[in-house]
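Data from model_38.pdb: PDB, C-alpha atoms, pLDDT in the B column
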```pdb
ATOM      1  CA  MET X1000     -46.139 -43.696   4.207  1.00 76.00           C
ATOM      2  CA  LEU X1001     -48.583 -40.791   4.540  1.00 84.00           C
ATOM      3  CA  GLN X1002     -52.115 -42.033   5.039  1.00 89.00           C
ATOM      4  CA  PRO X1003     -55.293 -39.957   5.476  1.00 90.00           C
ATOM      5  CA  GLY X1004     -56.362 -39.843   9.121  1.00 91.00           C
ATOM      6  CA  ASP X1005     -53.190 -41.551  10.373  1.00 93.00           C
ATOM      7  CA  TRP X1006     -52.188 -38.936  12.927  1.00 93.00           C
ATOM      8  CA  LYS X1007     -49.831 -41.324  14.738  1.00 95.00           C
ATOM      9  CA  GLY X1008     -47.921 -42.040  11.529  1.00 94.00           C
ATOM     10  CA  THR X1009     -47.804 -38.341  10.732  1.00 94.00           C
ATOM     11  CA  LEU X1010     -46.442 -37.441  14.172  1.00 95.00           C
ATOM     12  CA  THR X1011     -43.911 -40.262  13.939  1.00 96.00           C
ATOM     13  CA  SER X1012     -42.742 -39.060  10.530  1.00 95.00           C
ATOM     14  CA  PHE X1013     -42.415 -35.510  11.826  1.00 96.00           C
ATOM     15  CA  ALA X1014     -40.614 -36.621  15.012  1.00 97.00           C
ATOM     16  CA  VAL X1015     -38.086 -38.703  13.067  1.00 97.00           C
ATOM     17  CA  SER X1016     -37.579 -36.308  10.141  1.00 97.00           C
ATOM     18  CA  PHE X1017     -36.592 -33.161  12.037  1.00 98.00           C
ATOM     19  CA  PRO X1018     -33.573 -34.559  13.912  1.00 97.00           C
ATOM     20  CA  LEU X1019     -32.658 -36.781  10.963  1.00 98.00           C
ATOM     21  CA  MET X1020     -32.471 -33.816   8.584  1.00 98.00           C
ATOM     22  CA  ALA X1021     -30.513 -31.820  11.168  1.00 97.00           C
ATOM     23  CA  TRP X1022     -28.010 -34.678  11.417  1.00 97.00           C
ATOM     24  CA  ILE X1023     -27.807 -35.280   7.653  1.00 97.00           C
ATOM     25  CA  VAL X1024     -27.135 -31.640   6.798  1.00 97.00           C
ATOM     26  CA  ARG X1025     -24.510 -31.276   9.549  1.00 96.00           C
ATOM     27  CA  ARG X1026     -22.863 -34.429   8.235  1.00 97.00           C
ATOM     28  CA  LEU X1027     -22.910 -33.115   4.666  1.00 97.00           C
ATOM     29  CA  CYS X1028     -21.334 -29.851   5.781  1.00 96.00           C
ATOM     30  CA  ARG X1029     -18.559 -31.770   7.510  1.00 96.00           C
ATOM     31  CA  ARG X1030     -18.146 -34.218   4.618  1.00 97.00           C
ATOM     32  CA  PHE X1031     -17.664 -31.400   2.131  1.00 97.00           C
ATOM     33  CA  GLN X1032     -15.353 -29.686   4.630  1.00 97.00           C
ATOM     34  CA  LEU X1033     -17.300 -26.449   4.800  1.00 96.00           C
ATOM     35  CA  LYS X1034     -16.120 -23.906   7.316  1.00 96.00           C
ATOM     36  CA  GLN X1035     -18.652 -23.438  10.099  1.00 93.00           C
ATOM     37  CA  GLU X1036     -19.586 -19.978   8.799  1.00 93.00           C
ATOM     38  CA  GLN X1037     -20.539 -21.640   5.475  1.00 97.00           C
ATOM     39  CA  TRP X1038     -22.883 -24.180   7.040  1.00 96.00           C
ATOM     40  CA  MET X1039     -26.007 -22.023   6.744  1.00 97.00           C
ATOM     41  CA  ALA X1040     -25.357 -21.551   3.027  1.00 97.00           C
ATOM     42  CA  GLY X1041     -24.907 -25.312   2.763  1.00 97.00           C
ATOM     43  CA  ALA X1042     -28.202 -25.955   4.537  1.00 97.00           C
ATOM     44  CA  VAL X1043     -29.994 -23.437   2.317  1.00 97.00           C
ATOM     45  CA  SER X1044     -28.528 -25.196  -0.727  1.00 97.00           C
ATOM     46  CA  VAL X1045     -30.012 -28.477   0.484  1.00 97.00           C
ATOM     47  CA  ALA X1046     -33.404 -26.998   1.443  1.00 97.00           C
ATOM     48  CA  LEU X1047     -33.912 -24.590  -1.444  1.00 97.00           C
ATOM     49  CA  PRO X1048     -35.054 -27.109  -4.077  1.00 97.00           C
ATOM     50  CA  THR X1049     -37.734 -28.334  -1.676  1.00 96.00           C
ATOM     51  CA  LEU X1050     -38.804 -24.802  -0.803  1.00 96.00           C
ATOM     52  CA  LEU X1051     -39.051 -23.844  -4.478  1.00 97.00           C
ATOM     53  CA  LEU X1052     -40.767 -26.993  -5.757  1.00 96.00           C
ATOM     54  CA  ASP X1053     -42.999 -27.921  -2.803  1.00 94.00           C
ATOM     55  CA  PRO X1054     -45.634 -25.222  -3.430  1.00 93.00           C
ATOM     56  CA  PHE X1055     -46.194 -26.668  -6.914  1.00 95.00           C
ATOM     57  CA  SER X1056     -46.154 -30.298  -5.816  1.00 95.00           C
ATOM     58  CA  SER X1057     -48.681 -29.452  -3.081  1.00 91.00           C
ATOM     59  CA  ALA X1058     -50.908 -27.380  -5.397  1.00 93.00           C
ATOM     60  CA  PHE X1059     -50.906 -30.082  -8.079  1.00 96.00           C
ATOM     61  CA  PHE X1060     -50.588 -32.992  -5.680  1.00 96.00           C
ATOM     62  CA  PRO X1061     -52.874 -35.480  -7.487  1.00 96.00           C
ATOM     63  CA  VAL X1062     -50.958 -34.948 -10.743  1.00 97.00           C
ATOM     64  CA  VAL X1063     -47.468 -35.082  -9.213  1.00 96.00           C
ATOM     65  CA  PHE X1064     -48.259 -37.975  -6.853  1.00 95.00           C
ATOM     66  CA  PRO X1065     -51.082 -39.955  -8.509  1.00 96.00           C
ATOM     67  CA  ASN X1066     -50.594 -42.958  -6.210  1.00 94.00           C
ATOM     68  CA  MET X1067     -51.128 -40.963  -3.008  1.00 94.00           C
ATOM     69  CA  ALA X1068     -54.426 -39.861  -1.506  1.00 94.00           C
ATOM     70  CA  PRO X1069     -55.129 -36.174  -2.322  1.00 94.00           C
ATOM     71  CA  GLU X1070     -56.148 -35.627   1.322  1.00 94.00           C
ATOM     72  CA  VAL X1071     -52.518 -35.863   2.450  1.00 94.00           C
ATOM     73  CA  ALA X1072     -51.340 -32.918   0.322  1.00 94.00           C
ATOM     74  CA  GLY X1073     -51.332 -30.574   3.327  1.00 93.00           C
ATOM     75  CA  VAL X1074     -49.520 -33.087   5.503  1.00 94.00           C
ATOM     76  CA  PHE X1075     -46.969 -33.599   2.743  1.00 94.00           C
ATOM     77  CA  GLY X1076     -46.369 -29.845   2.414  1.00 94.00           C
ATOM     78  CA  GLY X1077     -46.023 -29.472   6.155  1.00 95.00           C
ATOM     79  CA  TRP X1078     -43.667 -32.431   6.321  1.00 95.00           C
ATOM     80  CA  MET X1079     -41.418 -30.920   3.654  1.00 96.00           C
ATOM     81  CA  LEU X1080     -41.314 -27.586   5.543  1.00 96.00           C
ATOM     82  CA  TRP X1081     -40.561 -29.478   8.754  1.00 97.00           C
ATOM     83  CA  CYS X1082     -37.629 -31.237   7.042  1.00 97.00           C
ATOM     84  CA  CYS X1083     -36.270 -27.918   5.795  1.00 98.00           C
ATOM     85  CA  ALA X1084     -36.607 -26.461   9.286  1.00 98.00           C
ATOM     86  CA  GLY X1085     -34.679 -29.415  10.689  1.00 98.00           C
ATOM     87  CA  ALA X1086     -31.895 -28.827   8.181  1.00 98.00           C
ATOM     88  CA  LEU X1087     -31.638 -25.136   9.085  1.00 97.00           C
ATOM     89  CA  VAL X1088     -31.821 -25.691  12.831  1.00 97.00           C
ATOM     90  CA  GLY X1089     -29.246 -28.458  12.546  1.00 96.00           C
ATOM     91  CA  VAL X1090     -26.580 -26.080  11.289  1.00 96.00           C
ATOM     92  CA  THR X1091     -27.386 -23.295  13.742  1.00 95.00           C
ATOM     93  CA  ILE X1092     -26.950 -25.360  16.900  1.00 89.00           C
ATOM     94  CA  ARG X1093     -23.361 -25.202  18.048  1.00 77.00           C
ATOM     95  CA  ARG X1094     -21.755 -27.838  20.238  1.00 67.00           C
ATOM     96  CA  SER X1095     -20.283 -26.542  23.447  1.00 54.00           C
ATOM     97  CA  ALA X1096     -16.522 -26.778  23.840  1.00 50.00           C
ATOM     98  CA  ARG X1097     -15.359 -29.842  25.744  1.00 52.00           C
ATOM     99  CA  GLN X1098     -14.024 -29.076  29.186  1.00 41.00           C
TER
END
```

Final structure tokens representation of the file:
Amino acid sequence: MLQPGDWKGTLTSFAVSFPLMAWIVRRLCRRFQLKQEQWMAGAVSVALPTLLLDPFSSAFFPVVFPNMAPEVAGVFGGWMLWCCAGALVGVTIRRSARQ
């Protein structure tokens, strides 16, 4: 999925991942019937494993992902941060009340 020098694929992955993660985390919060004030904690719970493990998977990328080109380690790390950002932004955006 991530290929060295494939900037179009990278931008596509980023463009799709952000709103998708926002939607998924909002859906999870609703599915588990969290109160709206608990949504940020829910999003942090989803994102935290990535935020804790991603520095190691990026630093030791060739060992963790031997079938991927080492040149995409930075893109991978950025993509994971982008997904976490989508999750956090997804729970902070409030829908306006219907009129």

Distance of atom CA of X:Ser1012 from atom CA of X:Ser1044, expressed in Å to one decimal place
22.8 Å

Would you kindly translate the PyMOL selection byres ((chain X and resi 1071) around 12) into the concrete residues it picks from this file, as a compact mmCIF listing (two decimals) with C-alpha atoms, in the frame of the given file?
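Once written, result_16.txt looks like this:
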```txt
# COMPACT_ATOMS: atom_id res chain seq x y z
CA MET X 1000 -46.14 -43.70 4.21
CA LEU X 1001 -48.58 -40.79 4.54
CA GLN X 1002 -52.12 -42.03 5.04
CA PRO X 1003 -55.29 -39.96 5.48
CA GLY X 1004 -56.36 -39.84 9.12
CA ASP X 1005 -53.19 -41.55 10.37
CA TRP X 1006 -52.19 -38.94 12.93
CA GLY X 1008 -47.92 -42.04 11.53
CA THR X 1009 -47.80 -38.34 10.73
CA SER X 1056 -46.15 -30.30 -5.82
CA SER X 1057 -48.68 -29.45 -3.08
CA ALA X 1058 -50.91 -27.38 -5.40
CA PHE X 1060 -50.59 -32.99 -5.68
CA PRO X 1061 -52.87 -35.48 -7.49
CA PHE X 1064 -48.26 -37.98 -6.85
CA PRO X 1065 -51.08 -39.96 -8.51
CA ASN X 1066 -50.59 -42.96 -6.21
CA MET X 1067 -51.13 -40.96 -3.01
CA ALA X 1068 -54.43 -39.86 -1.51
CA PRO X 1069 -55.13 -36.17 -2.32
CA GLU X 1070 -56.15 -35.63 1.32
CA ALA X 1072 -51.34 -32.92 0.32
CA GLY X 1073 -51.33 -30.57 3.33
CA VAL X 1074 -49.52 -33.09 5.50
CA PHE X 1075 -46.97 -33.60 2.74
CA GLY X 1076 -46.37 -29.84 2.41
CA GLY X 1077 -46.02 -29.47 6.16
CA TRP X 1078 -43.67 -32.43 6.32
```

May I ask for the distance between atom CA of X:Phe1017 and atom CA of X:Val1090, given in Å to one decimal place?
12.3 Å

Quick check on the file I pasted: which residues fall under the PyMOL selection byres ((chain X and resi 1080) around 12)? Write them as a short mmCIF file (atom, residue, chain, number, x, y, z; two decimals) with C-alpha atoms, in the coordinates of the input.
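Here's the written file expr.cif:
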```
data_model
loop_
_atom_site.label_atom_id
_atom_site.label_comp_id
_atom_site.auth_asym_id
_atom_site.auth_seq_id
_atom_site.Cartn_x
_atom_site.Cartn_y
_atom_site.Cartn_z
CA PHE X 1013 -42.42 -35.51 11.83
CA SER X 1016 -37.58 -36.31 10.14
CA PHE X 1017 -36.59 -33.16 12.04
CA MET X 1020 -32.47 -33.82 8.58
CA ALA X 1046 -33.40 -27.00 1.44
CA LEU X 1047 -33.91 -24.59 -1.44
CA PRO X 1048 -35.05 -27.11 -4.08
CA THR X 1049 -37.73 -28.33 -1.68
CA LEU X 1050 -38.80 -24.80 -0.80
CA LEU X 1051 -39.05 -23.84 -4.48
CA LEU X 1052 -40.77 -26.99 -5.76
CA ASP X 1053 -43.00 -27.92 -2.80
CA PRO X 1054 -45.63 -25.22 -3.43
CA SER X 1057 -48.68 -29.45 -3.08
CA GLY X 1073 -51.33 -30.57 3.33
CA VAL X 1074 -49.52 -33.09 5.50
CA PHE X 1075 -46.97 -33.60 2.74
CA GLY X 1076 -46.37 -29.84 2.41
CA GLY X 1077 -46.02 -29.47 6.16
CA TRP X 1078 -43.67 -32.43 6.32
CA MET X 1079 -41.42 -30.92 3.65
CA TRP X 1081 -40.56 -29.48 8.75
CA CYS X 1082 -37.63 -31.24 7.04
CA CYS X 1083 -36.27 -27.92 5.80
CA ALA X 1084 -36.61 -26.46 9.29
CA GLY X 1085 -34.68 -29.42 10.69
CA ALA X 1086 -31.90 -28.83 8.18
CA LEU X 1087 -31.64 -25.14 9.09
#
```

For X:Arg1025, please output as a VMD selection string all residues within 10 Å (counting all atoms listed in the file; exclusion window: fewer than 5 positions along the same chain).
chain X and resid 1019 to 1020 1030 1033 1035 1038 to 1039 1041 to 1042 1086 to 1092

Between atom CA of X:Ala1021 and atom CA of X:Phe1055, what is the distance in Å, rounded to a tenth?
24.5 Å

Padded axis-aligned box of stretch 1070-1082 of chain X (5 Å per side), centre and edge lengths, Å, one decimal, as JSON:
```
{"center_x": -46.9, "center_y": -31.7, "center_z": 4.5, "size_x": 28.5, "size_y": 18.3, "size_z": 18.4}
```

Can you give me N, CA, C and O atoms for stretch 1000-1013 of chain X, written as a compact mmCIF listing (two decimals), keeping the file's coordinate frame?
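Result file part_29.txt:
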```txt
# COMPACT_ATOMS: atom_id res chain seq x y z
N MET X 1000 -46.67 -44.19 2.96
CA MET X 1000 -46.14 -43.70 4.21
C MET X 1000 -47.08 -42.68 4.84
O MET X 1000 -47.33 -42.72 6.02
N LEU X 1001 -47.59 -41.75 4.04
CA LEU X 1001 -48.58 -40.79 4.54
C LEU X 1001 -49.97 -41.31 4.20
O LEU X 1001 -50.29 -41.52 3.04
N GLN X 1002 -50.76 -41.51 5.22
CA GLN X 1002 -52.12 -42.03 5.04
C GLN X 1002 -53.13 -41.05 5.61
O GLN X 1002 -52.89 -40.48 6.68
N PRO X 1003 -54.27 -40.86 4.94
CA PRO X 1003 -55.29 -39.96 5.48
C PRO X 1003 -55.77 -40.43 6.85
O PRO X 1003 -56.03 -41.62 7.05
N GLY X 1004 -55.85 -39.52 7.80
CA GLY X 1004 -56.36 -39.84 9.12
C GLY X 1004 -55.38 -40.58 10.02
O GLY X 1004 -55.72 -40.92 11.15
N ASP X 1005 -54.18 -40.84 9.57
CA ASP X 1005 -53.19 -41.55 10.37
C ASP X 1005 -52.33 -40.55 11.14
O ASP X 1005 -51.18 -40.31 10.80
N TRP X 1006 -52.90 -39.97 12.19
CA TRP X 1006 -52.19 -38.94 12.93
C TRP X 1006 -50.96 -39.48 13.65
O TRP X 1006 -49.97 -38.78 13.79
N LYS X 1007 -51.00 -40.74 14.06
CA LYS X 1007 -49.83 -41.32 14.74
C LYS X 1007 -48.67 -41.47 13.76
O LYS X 1007 -47.53 -41.17 14.09
N GLY X 1008 -48.96 -41.92 12.55
CA GLY X 1008 -47.92 -42.04 11.53
C GLY X 1008 -47.36 -40.69 11.14
O GLY X 1008 -46.15 -40.54 10.93
N THR X 1009 -48.24 -39.70 11.06
CA THR X 1009 -47.80 -38.34 10.73
C THR X 1009 -46.88 -37.80 11.82
O THR X 1009 -45.80 -37.27 11.52
N LEU X 1010 -47.28 -37.93 13.07
CA LEU X 1010 -46.44 -37.44 14.17
C LEU X 1010 -45.11 -38.19 14.23
O LEU X 1010 -44.07 -37.59 14.50
N THR X 1011 -45.15 -39.48 13.96
CA THR X 1011 -43.91 -40.26 13.94
C THR X 1011 -42.98 -39.77 12.83
O THR X 1011 -41.78 -39.59 13.05
N SER X 1012 -43.55 -39.56 11.64
CA SER X 1012 -42.74 -39.06 10.53
C SER X 1012 -42.12 -37.70 10.87
O SER X 1012 -40.95 -37.47 10.59
N PHE X 1013 -42.92 -36.83 11.46
CA PHE X 1013 -42.42 -35.51 11.83
C PHE X 1013 -41.32 -35.63 12.90
O PHE X 1013 -40.29 -34.97 12.82
```
